[in-house]
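So this one's data-v2.tsv, TSV, C-alpha atoms and all ligand atoms:
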chain	number	residue	atom	x	y	z
P	203	MET	CA	0.00	0.00	0.00
P	204	VAL	CA	1.26	3.46	-0.84
P	205	ALA	CA	0.09	6.44	1.20
P	206	GLY	CA	0.92	10.05	0.38
P	207	GLY	CA	1.33	11.91	-2.84
P	208	GLN	CA	4.62	12.67	-4.53
P	209	THR	CA	7.15	9.95	-5.38
P	210	GLY	CA	9.99	10.12	-2.89
P	211	ARG	CA	7.79	11.43	-0.08
P	212	VAL	CA	5.55	8.41	0.31
P	213	LEU	CA	5.07	6.01	3.15
P	214	ILE	CA	4.89	2.46	1.86
P	215	THR	CA	3.62	-0.44	3.87
P	216	THR	CA	4.02	-4.06	2.82
P	217	GLU	CA	3.03	-7.29	4.52
P	218	ARG	CA	5.91	-7.07	7.03
P	219	LEU	CA	7.57	-3.71	6.46
P	220	THR	CA	7.14	0.03	6.60
P	221	ILE	CA	9.27	2.17	4.32
P	222	THR	CA	9.73	5.86	5.01
P	223	PRO	CA	12.09	8.60	3.84
P	224	ALA	CA	15.20	8.34	6.04
P	225	VAL	CA	15.67	11.16	8.56
P	226	ALA	CA	18.58	12.37	10.69
P	227	GLY	CA	17.52	10.10	13.55
P	228	ASP	CA	18.17	7.08	11.30
P	229	LEU	CA	21.82	8.06	10.75
P	230	PRO	CA	23.33	5.96	13.58
P	231	THR	CA	21.83	2.82	12.01
P	232	LEU	CA	22.87	3.90	8.53
P	233	GLU	CA	26.37	4.46	9.86
P	234	ARG	CA	26.49	0.83	10.99
P	235	THR	CA	26.11	-0.20	7.35
P	236	TRP	CA	29.18	1.91	6.44
P	237	THR	CA	31.44	0.24	9.00
P	238	ASP	CA	30.19	-3.36	8.86
P	239	PRO	CA	32.66	-5.64	7.03
P	240	LEU	CA	29.92	-7.98	5.76
P	241	VAL	CA	27.76	-5.18	4.39
P	242	ARG	CA	30.79	-3.49	2.82
P	243	ARG	CA	32.38	-6.65	1.44
P	244	HIS	CA	31.39	-5.76	-2.13
P	245	LEU	CA	31.23	-2.01	-1.58
P	246	GLY	CA	34.91	-1.19	-1.22
P	247	GLY	CA	35.35	-2.43	2.35
P	248	PRO	CA	34.27	-0.96	5.70
P	249	LEU	CA	34.85	2.70	6.52
P	250	SER	CA	36.95	3.48	9.60
P	251	ALA	CA	35.10	4.99	12.57
P	252	GLU	CA	36.67	8.36	11.72
P	253	ALA	CA	35.65	8.21	8.07
P	254	ALA	CA	32.11	7.20	9.05
P	255	ALA	CA	31.85	10.08	11.54
P	256	ALA	CA	33.00	12.51	8.85
P	257	ARG	CA	30.54	11.08	6.33
P	258	ARG	CA	27.72	11.44	8.84
P	259	THR	CA	28.16	15.21	8.87
P	260	THR	CA	27.78	15.52	5.09
P	261	GLU	CA	25.45	12.62	4.25
P	262	ASP	CA	22.60	13.62	1.94
P	263	LEU	CA	19.54	11.54	2.83
P	264	THR	CA	17.61	12.58	-0.27
P	265	GLY	CA	16.41	9.35	-1.86
P	266	ALA	CA	17.22	7.21	1.19
P	267	ARG	CA	14.41	5.08	2.60
P	268	ALA	CA	14.51	3.45	6.02
P	269	VAL	CA	12.95	-0.01	6.05
P	270	ARG	CA	11.45	-1.17	9.35
P	271	ALA	CA	10.08	-4.50	10.54
P	272	ALA	CA	8.15	-4.44	13.81
P	273	GLY	CA	9.46	-0.92	14.42
P	274	ASP	CA	13.20	-1.69	14.03
P	275	ILE	CA	15.28	-0.62	11.05
P	276	VAL	CA	16.32	-3.70	9.06
P	277	GLY	CA	17.88	-1.87	6.13
P	278	PHE	CA	17.80	0.96	3.65
P	279	CYS	CA	16.79	1.40	0.03
P	280	PHE	CA	18.16	4.31	-1.98
P	281	LEU	CA	16.93	6.00	-5.14
P	282	GLY	CA	19.63	8.03	-6.82
P	283	ARG	CA	20.72	9.16	-10.26
P	284	HIS	CA	23.11	6.95	-12.25
P	285	ARG	CA	25.53	8.78	-14.55
P	286	SER	CA	23.52	7.39	-17.49
P	287	GLY	CA	20.68	9.62	-16.30
P	288	ASP	CA	18.58	6.66	-15.18
P	289	THR	CA	17.10	6.40	-11.71
P	290	GLU	CA	19.28	3.96	-9.75
P	291	LEU	CA	18.11	1.64	-6.98
P	292	SER	CA	20.57	0.49	-4.32
P	293	TYR	CA	20.15	-1.12	-0.91
P	294	THR	CA	21.96	-2.09	2.25
P	295	PHE	CA	20.41	-4.32	4.89
P	296	LEU	CA	21.79	-5.16	8.31
P	297	PRO	CA	23.37	-8.64	8.23
P	298	GLU	CA	21.29	-9.96	11.14
P	299	HIS	CA	18.23	-9.41	8.94
P	300	TRP	CA	19.56	-11.08	5.77
P	301	GLY	CA	17.95	-14.27	4.53
P	302	ARG	CA	14.35	-13.32	5.42
P	303	GLY	CA	13.27	-11.76	2.16
P	304	TYR	CA	13.10	-8.25	3.66
P	305	ALA	CA	15.31	-6.70	0.97
P	306	HIS	CA	13.19	-8.29	-1.74
P	307	GLU	CA	9.92	-7.15	-0.16
P	308	ALA	CA	11.22	-3.60	0.30
P	309	CYS	CA	12.91	-3.22	-3.10
P	310	MET	CA	9.89	-4.63	-4.92
P	311	ALA	CA	7.63	-2.14	-3.17
P	312	VAL	CA	9.97	0.78	-3.91
P	313	LEU	CA	10.38	-0.25	-7.55
P	314	ALA	CA	6.63	-0.61	-7.97
P	315	ALA	CA	5.95	2.75	-6.34
P	316	VAL	CA	8.45	4.48	-8.62
P	317	LEU	CA	7.63	2.74	-11.89
P	318	ARG	CA	3.87	2.84	-11.44
P	319	THR	CA	3.81	6.58	-10.80
P	320	ASP	CA	2.63	8.32	-13.96
P	321	ALA	CA	5.17	11.15	-13.71
P	322	GLY	CA	7.95	8.81	-12.55
P	323	PRO	CA	10.80	7.29	-14.59
P	324	ARG	CA	10.05	4.54	-17.09
P	325	ARG	CA	13.19	2.63	-16.15
P	326	VAL	CA	15.21	1.94	-13.01
P	327	VAL	CA	18.75	0.52	-13.02
P	328	ALA	CA	20.88	-1.17	-10.36
P	329	VAL	CA	24.61	-1.84	-10.35
P	330	THR	CA	26.33	-4.48	-8.26
P	331	GLN	CA	29.65	-6.31	-8.23
P	332	VAL	CA	29.63	-9.51	-10.28
P	333	ALA	CA	30.97	-11.26	-7.15
P	334	ASN	CA	28.04	-10.05	-4.99
P	335	ALA	CA	25.98	-13.23	-5.22
P	336	ARG	CA	23.32	-12.21	-2.66
P	337	SER	CA	22.71	-8.92	-4.41
P	338	ARG	CA	22.50	-10.58	-7.82
P	339	ARG	CA	20.02	-13.18	-6.53
P	340	LEU	CA	17.93	-10.30	-5.19
P	341	LEU	CA	18.02	-8.45	-8.53
P	342	ASP	CA	17.10	-11.63	-10.41
P	343	ARG	CA	14.19	-12.26	-8.06
P	344	LEU	CA	13.02	-8.68	-8.51
P	345	GLY	CA	12.70	-9.45	-12.21
P	346	MET	CA	15.44	-6.99	-13.13
P	347	VAL	CA	17.34	-7.94	-16.27
P	348	GLU	CA	21.10	-7.83	-16.80
P	349	THR	CA	21.95	-5.13	-19.33
P	350	GLY	CA	25.73	-4.91	-19.25
P	351	ARG	CA	29.06	-5.48	-17.53
P	352	PHE	CA	31.98	-3.16	-16.93
P	353	VAL	CA	34.87	-2.63	-14.54
P	354	GLU	CA	34.69	0.15	-11.96
P	355	HIS	CA	36.76	0.72	-8.79
P	356	GLY	CA	38.94	-2.14	-10.10
P	357	GLU	CA	36.05	-4.64	-9.78
P	358	PRO	CA	33.82	-6.28	-12.41
P	359	GLN	CA	30.32	-4.78	-12.14
P	360	VAL	CA	26.99	-5.80	-13.62
P	361	MET	CA	24.10	-3.49	-14.42
P	362	TYR	CA	20.47	-4.56	-14.24
P	363	ALA	CA	17.34	-2.71	-15.33
P	364	ALA	CA	13.59	-2.86	-14.81
P	365	ASP	CA	10.98	-1.02	-16.75
P	366	ARG	CA	7.26	-0.58	-16.37
P	367	VAL	CA	6.43	-3.38	-18.77
P	368	GLY	CA	8.87	-5.83	-17.20
P	369	LEU	CA	7.69	-5.05	-13.72
P	370	SER	CA	4.07	-5.64	-14.62
P	371	LEU	CA	4.78	-9.14	-16.01
P	372	PRO	CA	4.79	-11.10	-12.73
P	373	ASP	CA	1.46	-9.56	-11.72
P	374	ALA	CA	-0.10	-10.30	-15.07
P	375	ARG	CA	1.12	-13.90	-15.02
P	376	TRP	CA	-0.14	-14.36	-11.47
P	377	GLN	CA	-3.53	-12.98	-12.44
P	378	ARG	CA	-3.73	-15.28	-15.45
P	379	ARG	CA	-2.80	-18.33	-13.30
P	380	GLY	CA	-5.39	-17.26	-10.72
P	381	ALA	CA	-8.08	-16.93	-13.35
P	382	ALA	CA	-7.24	-20.31	-14.92
P	383	GLY	CA	-7.43	-22.02	-11.54
P	384	ARG	CA	-11.01	-20.92	-10.84
P	401	LIG	C1	22.09	-7.58	-1.02
P	401	LIG	C2	21.31	-7.84	0.26
P	401	LIG	C3	20.32	-6.70	0.48
P	401	LIG	C4	20.55	-9.14	0.10
P	401	LIG	O1	19.91	-9.47	1.31
P	401	LIG	P1	19.04	-10.81	1.43
P	401	LIG	O2	18.42	-10.84	2.76
P	401	LIG	O3	19.88	-11.96	1.02
P	401	LIG	O4	17.96	-10.59	0.27
P	401	LIG	P2	16.44	-11.02	0.15
P	401	LIG	O5	15.55	-10.11	0.86
P	401	LIG	O6	16.20	-11.19	-1.30
P	401	LIG	O7	16.37	-12.41	0.90
P	401	LIG	C5	16.52	-13.59	0.17
P	401	LIG	C6	16.79	-14.77	1.06
P	401	LIG	O8	15.82	-14.81	2.11
P	401	LIG	C7	15.19	-16.11	2.11
P	401	LIG	N1	13.84	-15.94	2.67
P	401	LIG	C8	13.47	-16.37	3.91
P	401	LIG	N2	12.21	-16.02	4.15
P	401	LIG	C9	11.75	-15.37	3.04
P	401	LIG	C10	10.52	-14.78	2.70
P	401	LIG	N3	9.48	-14.76	3.55
P	401	LIG	N4	10.41	-14.20	1.48
P	401	LIG	C11	11.42	-14.21	0.62
P	401	LIG	N5	12.64	-14.75	0.89
P	401	LIG	C12	12.80	-15.33	2.11
P	401	LIG	C13	15.27	-16.54	0.68
P	401	LIG	O9	15.15	-17.94	0.55
P	401	LIG	C14	16.66	-16.05	0.30
P	401	LIG	O10	17.63	-16.95	0.80
P	401	LIG	P3	18.93	-17.32	-0.09
P	401	LIG	O11	19.72	-16.06	-0.27
P	401	LIG	O12	19.63	-18.32	0.75
P	401	LIG	O13	18.45	-17.82	-1.40
P	401	LIG	C15	22.26	-7.95	1.49
P	401	LIG	O14	23.13	-9.02	1.29
P	401	LIG	C16	23.07	-6.68	1.73
P	401	LIG	O15	22.60	-5.72	2.36
P	401	LIG	N6	24.34	-6.67	1.25
P	401	LIG	C17	25.23	-5.55	1.51
P	401	LIG	C18	24.90	-4.35	0.66
P	401	LIG	C19	25.17	-4.63	-0.81
P	401	LIG	O16	26.09	-5.35	-1.16
P	401	LIG	N7	24.35	-4.02	-1.68
P	401	LIG	C20	24.51	-4.25	-3.11
P	401	LIG	C21	24.87	-3.04	-3.88
P	401	LIG	S1	23.50	-1.92	-4.02
Transcribe the structure of this file into structure tokens.
Ligand SMILES: CC(C)(COP(=O)(O)OP(=O)(O)OC[C@H]1O[C@@H](n2cnc3c(N)ncnc32)[C@H](O)[C@@H]1OP(=O)(O)O)[C@@H](O)C(=O)NCCC(=O)NCCS
Amino acid sequence: MVAGGQTGRVLITTERLTITPAVAGDLPTLERTWTDPLVRRHLGGPLSAEAAAARRTTEDLTGARAVRAAGDIVGFCFLGRHRSGDTELSYTFLPEHWGRGYAHEACMAVLAAVLRTDAGPRRVVAVTQVANARSRRLLDRLGMVETGRFVEHGEPQVMYAADRVGLSLPDARWQRRGAAGR
């Protein structure tokens, strides 16, 4: 369910999660994701405590969404601008909450909210390291499609994309299966 008006200022609720624009009070939890070695394994490694403290003072939360389950932050989704001009989806979840489908539930809801908004972008991209198996499984399960590979920061990267048509396919298939089963 999406409540609110403008894309980027909405409150989304899913079966298990609430997704809200991140605010300054969420920064201590966000900072954990910058310093955690597991989270940062495919993101250039953990920041030192000093680097994280410095980043906290300049962090721009525009496009950041805090994802909560039962009131606690389990992770973050981010909508930014890729250098191609496309809207870019990224995400970091706290390791103790991996393996429960939270990232999938949150990213699917964010993607749907963005792509199903009339004035919103027609396409959303995501970039992840080729070696980031969890992230790639997530992108596959979201129905995003690999569109290219390149090397950046000395690491092989893979780009995925979703568009309005692609995103609507799972729903349409589900509806057809449902209808056939009646
Ligand atoms: C990428 C990342 C978000 C993936 O987290 P995740 O929890 O594995 O992702 P999902 O939400 O898709 O969860 C899927 C897993 O939950 C399991 N699961 C358990 N209950 C589930 C449920 N109710 N619904 C769906 N999946 C469920 C699935 O079986 C799957 O397990 P598997 O990975 O062993 O196949 C996480 O690893 C992360 O934050 N990494 C660090 C940040 C990063 O690298 N970001 C990428 C660049 S943007």
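The coordinates place CA of His299 in chain P at 27.2 Å from CA of His284 in chain P.
In this structure, CA of Cys309 in chain P sits 14.6 Å away from CA of Leu296 in chain P.
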Per-axis box centre and lengths in Å around ligand LIG 401 (chain P), 8 Å margin per side, axis-aligned, as AutoDock Vina command-line options:
--center_x 17.8 --center_y -10.1 --center_z 0.1 --size_x 32.6 --size_y 32.4 --size_z 24.2
* Check the smallest atom-to-atom distance from each of P:Arg325, P:Arg285, P:Arg234, P:Arg258 to ligand LIG 401 (chain P) using all atoms listed in the file, then report the winner. => P:Arg234
* Please provide as a PyMOL selection string all residues within 10 Å of Glu261 in chain P, with the sequence filter that same-chain residues fewer than 3 positions apart are discarded (counting all atoms listed in the file). => chain P and resi 226+229+233+254+256-258+264
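Selecting by distance to (28.2, -3.2, -18.5) with a limit of 12 Å and using only C-alpha atoms, one obtains Ser286, Val327, Ala328, Val329, Thr330, Gln331, Val332, Glu348, Thr349, Gly350, Arg351, Phe352, Val353, Glu354, Glu357, Pro358, Gln359, Val360, Met361, Tyr362 and Ala363 of chain P.
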* Asked: Please, which residues have at least one atom within 9 Å of an atom of ligand LIG 401 (chain P), using all atoms listed in the file, listed as number ranges by chain?
  -> P: 235, 240-245, 277-280, 291-309, 328-331, 334-341, 343-344
Selection: 8 Å around Gly265 in chain P, all atoms listed in the file, excl. self and same-chain fewer than 4 positions, as a compact mmCIF listing (two decimals) with C-alpha atoms, keeping the file's coordinate frame:
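Saved file out32.txt follows:
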# COMPACT_ATOMS: atom_id res chain seq x y z
CA GLY P 210 9.99 10.12 -2.89
CA PRO P 223 12.09 8.60 3.84
CA PHE P 280 18.16 4.31 -1.98
CA LEU P 281 16.93 6.00 -5.14
CA GLY P 282 19.63 8.03 -6.82
* To do: Measure the distance from CA of Ile214 in chain P to CA of Asp320 in chain P in Å and round it to one decimal.
  => 17.0 Å
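The residue that comes closest to Thr216 in chain P, out of P:Pro248, P:Ala314, P:Gly356, P:Ala255 and on the basis of all atoms listed in the file, is P:Ala314.
Using all atoms listed in the file, the nearest neighbour of Leu219 in chain P within the list P:Ala271, P:Ala251, P:Ala333, P:Leu317 is P:Ala271.
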* Asked: What lies within 9 Å of Leu249 in chain P using all atoms listed in the file, ignoring chain neighbours under 2 positions off, as a VMD selection string?
  -> chain P and resid 236 to 239 242 246 to 247 251 to 254
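Proximity to Glu217 in chain P was assessed for P:Gly345, P:Thr231, P:Val316, P:Ala311 counting all atoms listed in the file; the smallest distance is recorded for P:Ala311.
Across P:Met310, P:Pro230, P:Ala266, P:Thr259, the tightest approach to Thr215 in chain P is made by P:Met310 when counting all atoms listed in the file.
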